[in-house]
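Heads up: the structure comes next, in structure tokens.
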Amino acid sequence: MEETGGNRIPAIGIPRALLYYRYGTLWEHFFRALDVPVILSPLSSRGILDIGARLAPDEGCISLKMFIGHVEALIGKCERIFIPRYSNYGYTDLFCTRYEGIYDQARNIFHTSGQRFITCNIDVMNGSPEPKAFEQLGVELGFSERESRQAWKEAAGALEQEQRANDRLQKELAGKPGMKVLLAGHSYVLSDPYLGKPIRDYLEAAGAVILRTDALDPITSRKASARFSPTCRWLVSEEVVGGVMLWKEKVDGIILVSAFPCGPDSMTNELLIRRIKGVPVLPLILDIQSGMAGIETRIESFLDIIRFQKGEMV
Ligand code: SF4
């Protein structure tokens, strides 16, 4: 087990999966501002997914299975594993219920390992907004309310800066010449080195400029989503839908990337496929068995359709 080497608290482990790809900057800054060392699980791989698939409930989505594989990779390597529960930012901004259940699920799956876990509850509907949840987390780790609040402010500022930089980069990319393809999906699918990276690599090798819904300013995306479908209440899905609405006229094609079986995506993707006109849309569902070969063929044909529509192919 990794010790602190003079720090007040032993190392906290963070699984590099699921909401890490959305909030990792915030979490890491929070702990580092308190001088708490952080260990990340290794980058995703087939091996990590296989372990997760063996341990997680069969009905779980690939993202959940990958997450459980990452938790397993941290067992015995840190004093506590941090798994926050993200429930909601209010009545109209809900998170997928899997994010809410993963802390208890992981504790249950690894209950014989002796591993300790730590969480914080983001649940605005029950009086626990993010600043309060992180303040409580800091206090639980032995810091004062003031120290914890300060750490939260620094961490929230770092995340905001990152989001602004990502949004700026998307706008710069949109101005580049060449075929533009929008990848629409959850960050933990698009950014995952095993799940999303082969898709990005393939598109890049084919000369496409890649835009991403998860890199846009989330508030702007959610407003755009509300204009399209005011009843969608899953926060991350709202951002995917909003991102598509914002970019659909500026790109040559849209790829909807999902992890099988995803409840929120199955609804919003269906909606997008039916309602988006004038731009080719390719739904790609990644499952445990999917190898890149089948996916490459589908992306290749999709890019040919785009080239044909742009008059680059006859
Ligand atoms: S949103 Fe979909 S992919 Fe993400 S955790 Fe929930 S079910 Fe899985």
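As shown in the structure tokens, the chain order sets the letters A, B, ...; within each chain, residues go from 1, and ligands are also counted from 1 in the order they appear.
Contact shell of Leu284 of chain A at 8 Å (only C-alpha atoms; same-chain neighbours under 4 positions omitted): A:Ile255, A:Leu256, A:Val257, A:Ser258, A:Ile295.
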Please provide as a list in words all residues within 10 Å of Ser191 of chain A, with the sequence filter that same-chain residues fewer than 3 positions apart are discarded (counting only C-alpha atoms). Ala17, Tyr21, Arg22, Gly185, His186, Ser187, Tyr188, Tyr194, Leu195, Gly196, Lys197, Pro198, Ile199, Arg200 and Asp214 of chain A
Selection to disk with N, CA, C and O atoms, as a PDB file, in the first residue's frame:
```
ATOM      1  N   ALA A  17     -12.193   5.808 -15.033  1.00  0.00           N
ATOM      2  CA  ALA A  17     -13.319   5.340 -15.856  1.00  0.00           C
ATOM      3  C   ALA A  17     -14.554   6.156 -15.479  1.00  0.00           C
ATOM      4  O   ALA A  17     -14.520   6.952 -14.534  1.00  0.00           O
ATOM      5  N   TYR A  21     -13.691  10.876 -16.502  1.00  0.00           N
ATOM      6  CA  TYR A  21     -13.436  11.617 -17.737  1.00  0.00           C
ATOM      7  C   TYR A  21     -14.191  12.938 -17.798  1.00  0.00           C
ATOM      8  O   TYR A  21     -13.959  13.749 -18.673  1.00  0.00           O
ATOM      9  N   ARG A  22     -15.103  13.134 -16.875  1.00  0.00           N
ATOM     10  CA  ARG A  22     -15.830  14.396 -16.814  1.00  0.00           C
ATOM     11  C   ARG A  22     -15.303  15.261 -15.659  1.00  0.00           C
ATOM     12  O   ARG A  22     -15.149  16.468 -15.816  1.00  0.00           O
ATOM     13  N   GLY A 185     -21.318  11.413 -27.766  1.00  0.00           N
ATOM     14  CA  GLY A 185     -21.361  10.323 -26.787  1.00  0.00           C
ATOM     15  C   GLY A 185     -20.835  10.772 -25.444  1.00  0.00           C
ATOM     16  O   GLY A 185     -20.479  11.940 -25.249  1.00  0.00           O
ATOM     17  N   HIS A 186     -20.773   9.832 -24.533  1.00  0.00           N
ATOM     18  CA  HIS A 186     -20.289  10.119 -23.180  1.00  0.00           C
ATOM     19  C   HIS A 186     -18.760  10.194 -23.185  1.00  0.00           C
ATOM     20  O   HIS A 186     -18.111   9.392 -23.866  1.00  0.00           O
ATOM     21  N   SER A 187     -18.215  11.092 -22.402  1.00  0.00           N
ATOM     22  CA  SER A 187     -16.747  11.263 -22.355  1.00  0.00           C
ATOM     23  C   SER A 187     -16.043   9.962 -22.054  1.00  0.00           C
ATOM     24  O   SER A 187     -14.987   9.676 -22.603  1.00  0.00           O
ATOM     25  N   TYR A 188     -16.636   9.158 -21.149  1.00  0.00           N
ATOM     26  CA  TYR A 188     -15.943   7.933 -20.733  1.00  0.00           C
ATOM     27  C   TYR A 188     -15.992   6.863 -21.811  1.00  0.00           C
ATOM     28  O   TYR A 188     -15.328   5.842 -21.687  1.00  0.00           O
ATOM     29  N   TYR A 194      -9.416   2.245 -24.623  1.00  0.00           N
ATOM     30  CA  TYR A 194      -9.775   0.966 -25.253  1.00  0.00           C
ATOM     31  C   TYR A 194     -11.051   1.096 -26.083  1.00  0.00           C
ATOM     32  O   TYR A 194     -11.160   0.520 -27.161  1.00  0.00           O
ATOM     33  N   LEU A 195     -12.026   1.893 -25.598  1.00  0.00           N
ATOM     34  CA  LEU A 195     -13.321   1.962 -26.293  1.00  0.00           C
ATOM     35  C   LEU A 195     -13.343   3.016 -27.401  1.00  0.00           C
ATOM     36  O   LEU A 195     -13.672   2.718 -28.542  1.00  0.00           O
ATOM     37  N   GLY A 196     -13.030   4.264 -27.041  1.00  0.00           N
ATOM     38  CA  GLY A 196     -13.221   5.356 -28.005  1.00  0.00           C
ATOM     39  C   GLY A 196     -11.999   5.688 -28.844  1.00  0.00           C
ATOM     40  O   GLY A 196     -12.129   6.161 -29.973  1.00  0.00           O
ATOM     41  N   LYS A 197     -10.806   5.444 -28.290  1.00  0.00           N
ATOM     42  CA  LYS A 197      -9.596   5.881 -29.004  1.00  0.00           C
ATOM     43  C   LYS A 197      -9.438   5.217 -30.381  1.00  0.00           C
ATOM     44  O   LYS A 197      -9.090   5.905 -31.351  1.00  0.00           O
ATOM     45  N   PRO A 198      -9.718   3.911 -30.520  1.00  0.00           N
ATOM     46  CA  PRO A 198      -9.572   3.318 -31.867  1.00  0.00           C
ATOM     47  C   PRO A 198     -10.470   4.009 -32.902  1.00  0.00           C
ATOM     48  O   PRO A 198     -10.089   4.141 -34.066  1.00  0.00           O
ATOM     49  N   ILE A 199     -11.633   4.477 -32.472  1.00  0.00           N
ATOM     50  CA  ILE A 199     -12.539   5.176 -33.408  1.00  0.00           C
ATOM     51  C   ILE A 199     -11.915   6.510 -33.812  1.00  0.00           C
ATOM     52  O   ILE A 199     -11.869   6.881 -34.985  1.00  0.00           O
ATOM     53  N   ARG A 200     -11.398   7.224 -32.807  1.00  0.00           N
ATOM     54  CA  ARG A 200     -10.778   8.524 -33.104  1.00  0.00           C
ATOM     55  C   ARG A 200      -9.550   8.328 -33.990  1.00  0.00           C
ATOM     56  O   ARG A 200      -9.346   9.066 -34.953  1.00  0.00           O
ATOM     57  N   ASP A 214     -18.848  16.172 -26.124  1.00  0.00           N
ATOM     58  CA  ASP A 214     -18.462  16.262 -24.708  1.00  0.00           C
ATOM     59  C   ASP A 214     -17.422  17.337 -24.452  1.00  0.00           C
ATOM     60  O   ASP A 214     -17.069  17.576 -23.300  1.00  0.00           O
TER      61      ASP A 214
END
```
May I have the residues within 8 Å of ligand 1, computed using only C-alpha atoms and all ligand atoms, as a PyMOL selection string? chain A and resi 18+60-64+95-99+186+188-189+236-237+258-265
As an MDAnalysis selection string, please: all residues of segment 43-281 of chain A that backbone DSSP puts in alpha helix (DSSP H). chainID A and resid 46:55 62:74 97:109 130:140 145:174 187:190 197:205 218:228 235:247 263:275
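Distance check against Ala208 of chain A using only C-alpha atoms: of A:Pro177, A:Gly24, A:Pro193, A:Pro230, the minimum falls on A:Pro177.
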Extract, using only C-alpha atoms, all DNA, RNA and protein residues at most 7 Å from Pro37 of chain A, discarding same-chain residues fewer than 6 positions from it, and format them as a ChimeraX atom specification. /A:4,10-12,31
Go ahead and dump the residues you just picked, N, CA and C atoms, as an mmCIF file, in the first residue's frame.
```
data_model
loop_
_atom_site.group_PDB
_atom_site.id
_atom_site.type_symbol
_atom_site.label_atom_id
_atom_site.label_comp_id
_atom_site.auth_asym_id
_atom_site.auth_seq_id
_atom_site.Cartn_x
_atom_site.Cartn_y
_atom_site.Cartn_z
ATOM 1 N N THR A 4 2.049 8.077 2.421
ATOM 2 C CA THR A 4 2.085 9.472 2.022
ATOM 3 C C THR A 4 3.482 10.064 2.008
ATOM 4 N N PRO A 10 -2.915 9.015 3.824
ATOM 5 C CA PRO A 10 -2.389 8.067 2.833
ATOM 6 C C PRO A 10 -3.102 8.227 1.486
ATOM 7 N N ALA A 11 -2.550 7.576 0.473
ATOM 8 C CA ALA A 11 -3.033 7.815 -0.894
ATOM 9 C C ALA A 11 -4.480 7.388 -1.119
ATOM 10 N N ILE A 12 -5.139 8.189 -1.957
ATOM 11 C CA ILE A 12 -6.509 7.894 -2.401
ATOM 12 C C ILE A 12 -6.414 7.384 -3.839
ATOM 13 N N PHE A 31 -8.084 16.887 -4.126
ATOM 14 C CA PHE A 31 -7.207 16.128 -3.218
ATOM 15 C C PHE A 31 -5.821 16.761 -3.144
#
```
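Within segment 197-299 of chain A, DSSP applied to the backbone places the following residues in strand (DSSP E): Val209, Ile210, Leu211, Arg212, Gly253, Ile254, Ile255, Leu256, Val257, Ser258, Ala259, Val281, Leu282, Pro283, Leu284, Ile285 and Leu286 of chain A.
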Can you tell me which residues surround Ile122 of chain A at a distance of at most 6 Å, considering only C-alpha atoms, apart from same-chain residues fewer than 3 positions away, and format the answer as a ChimeraX atom specification? /A:86-87,128-130
Given the choices A:Ile288, A:Arg80, A:Lys171, A:Leu203, which gets closest to Ile51 of chain A if the distance is worked out from only C-alpha atoms? A:Ile288
Do a neighbour search on Val181 of chain A at 9 Å with only C-alpha atoms, toss out local chain neighbours closer than 4 positions, and write the hits as a PyMOL selection string. chain A and resi 203+208-212+251-255+303
I need the chosen residues saved as an mmCIF file, in the first residue's frame, with N, CA and C atoms.
```
data_model
loop_
_atom_site.group_PDB
_atom_site.id
_atom_site.type_symbol
_atom_site.label_atom_id
_atom_site.label_comp_id
_atom_site.auth_asym_id
_atom_site.auth_seq_id
_atom_site.Cartn_x
_atom_site.Cartn_y
_atom_site.Cartn_z
ATOM 1 N N LEU A 203 -10.585 7.662 -37.596
ATOM 2 C CA LEU A 203 -11.073 8.866 -38.280
ATOM 3 C C LEU A 203 -9.913 9.800 -38.628
ATOM 4 N N ALA A 208 -10.119 12.918 -41.265
ATOM 5 C CA ALA A 208 -11.284 13.686 -40.777
ATOM 6 C C ALA A 208 -10.882 14.618 -39.631
ATOM 7 N N VAL A 209 -11.562 15.755 -39.575
ATOM 8 C CA VAL A 209 -11.418 16.653 -38.420
ATOM 9 C C VAL A 209 -12.493 16.224 -37.423
ATOM 10 N N ILE A 210 -12.074 15.876 -36.194
ATOM 11 C CA ILE A 210 -13.037 15.341 -35.219
ATOM 12 C C ILE A 210 -13.526 16.434 -34.280
ATOM 13 N N LEU A 211 -14.832 16.557 -34.199
ATOM 14 C CA LEU A 211 -15.444 17.432 -33.189
ATOM 15 C C LEU A 211 -16.156 16.526 -32.195
ATOM 16 N N ARG A 212 -16.344 17.009 -30.965
ATOM 17 C CA ARG A 212 -16.928 16.135 -29.933
ATOM 18 C C ARG A 212 -17.978 16.882 -29.122
ATOM 19 N N VAL A 251 -21.179 20.249 -39.575
ATOM 20 C CA VAL A 251 -20.343 19.054 -39.785
ATOM 21 C C VAL A 251 -20.857 18.272 -41.000
ATOM 22 N N ASP A 252 -19.995 17.353 -41.487
ATOM 23 C CA ASP A 252 -20.367 16.563 -42.665
ATOM 24 C C ASP A 252 -21.022 15.243 -42.277
ATOM 25 N N GLY A 253 -20.823 14.826 -41.029
ATOM 26 C CA GLY A 253 -21.428 13.572 -40.572
ATOM 27 C C GLY A 253 -21.397 13.502 -39.051
ATOM 28 N N ILE A 254 -22.299 12.689 -38.505
ATOM 29 C CA ILE A 254 -22.383 12.563 -37.040
ATOM 30 C C ILE A 254 -22.312 11.076 -36.679
ATOM 31 N N ILE A 255 -21.439 10.731 -35.752
ATOM 32 C CA ILE A 255 -21.388 9.346 -35.263
ATOM 33 C C ILE A 255 -21.859 9.334 -33.810
ATOM 34 N N LEU A 303 -17.757 7.117 -44.095
ATOM 35 C CA LEU A 303 -16.935 8.191 -44.656
ATOM 36 C C LEU A 303 -17.103 8.262 -46.176
#
```
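Interatomic distance, atom CA of Thr268 of chain A to atom CA of Lys248 of chain A: 15.2 Å.
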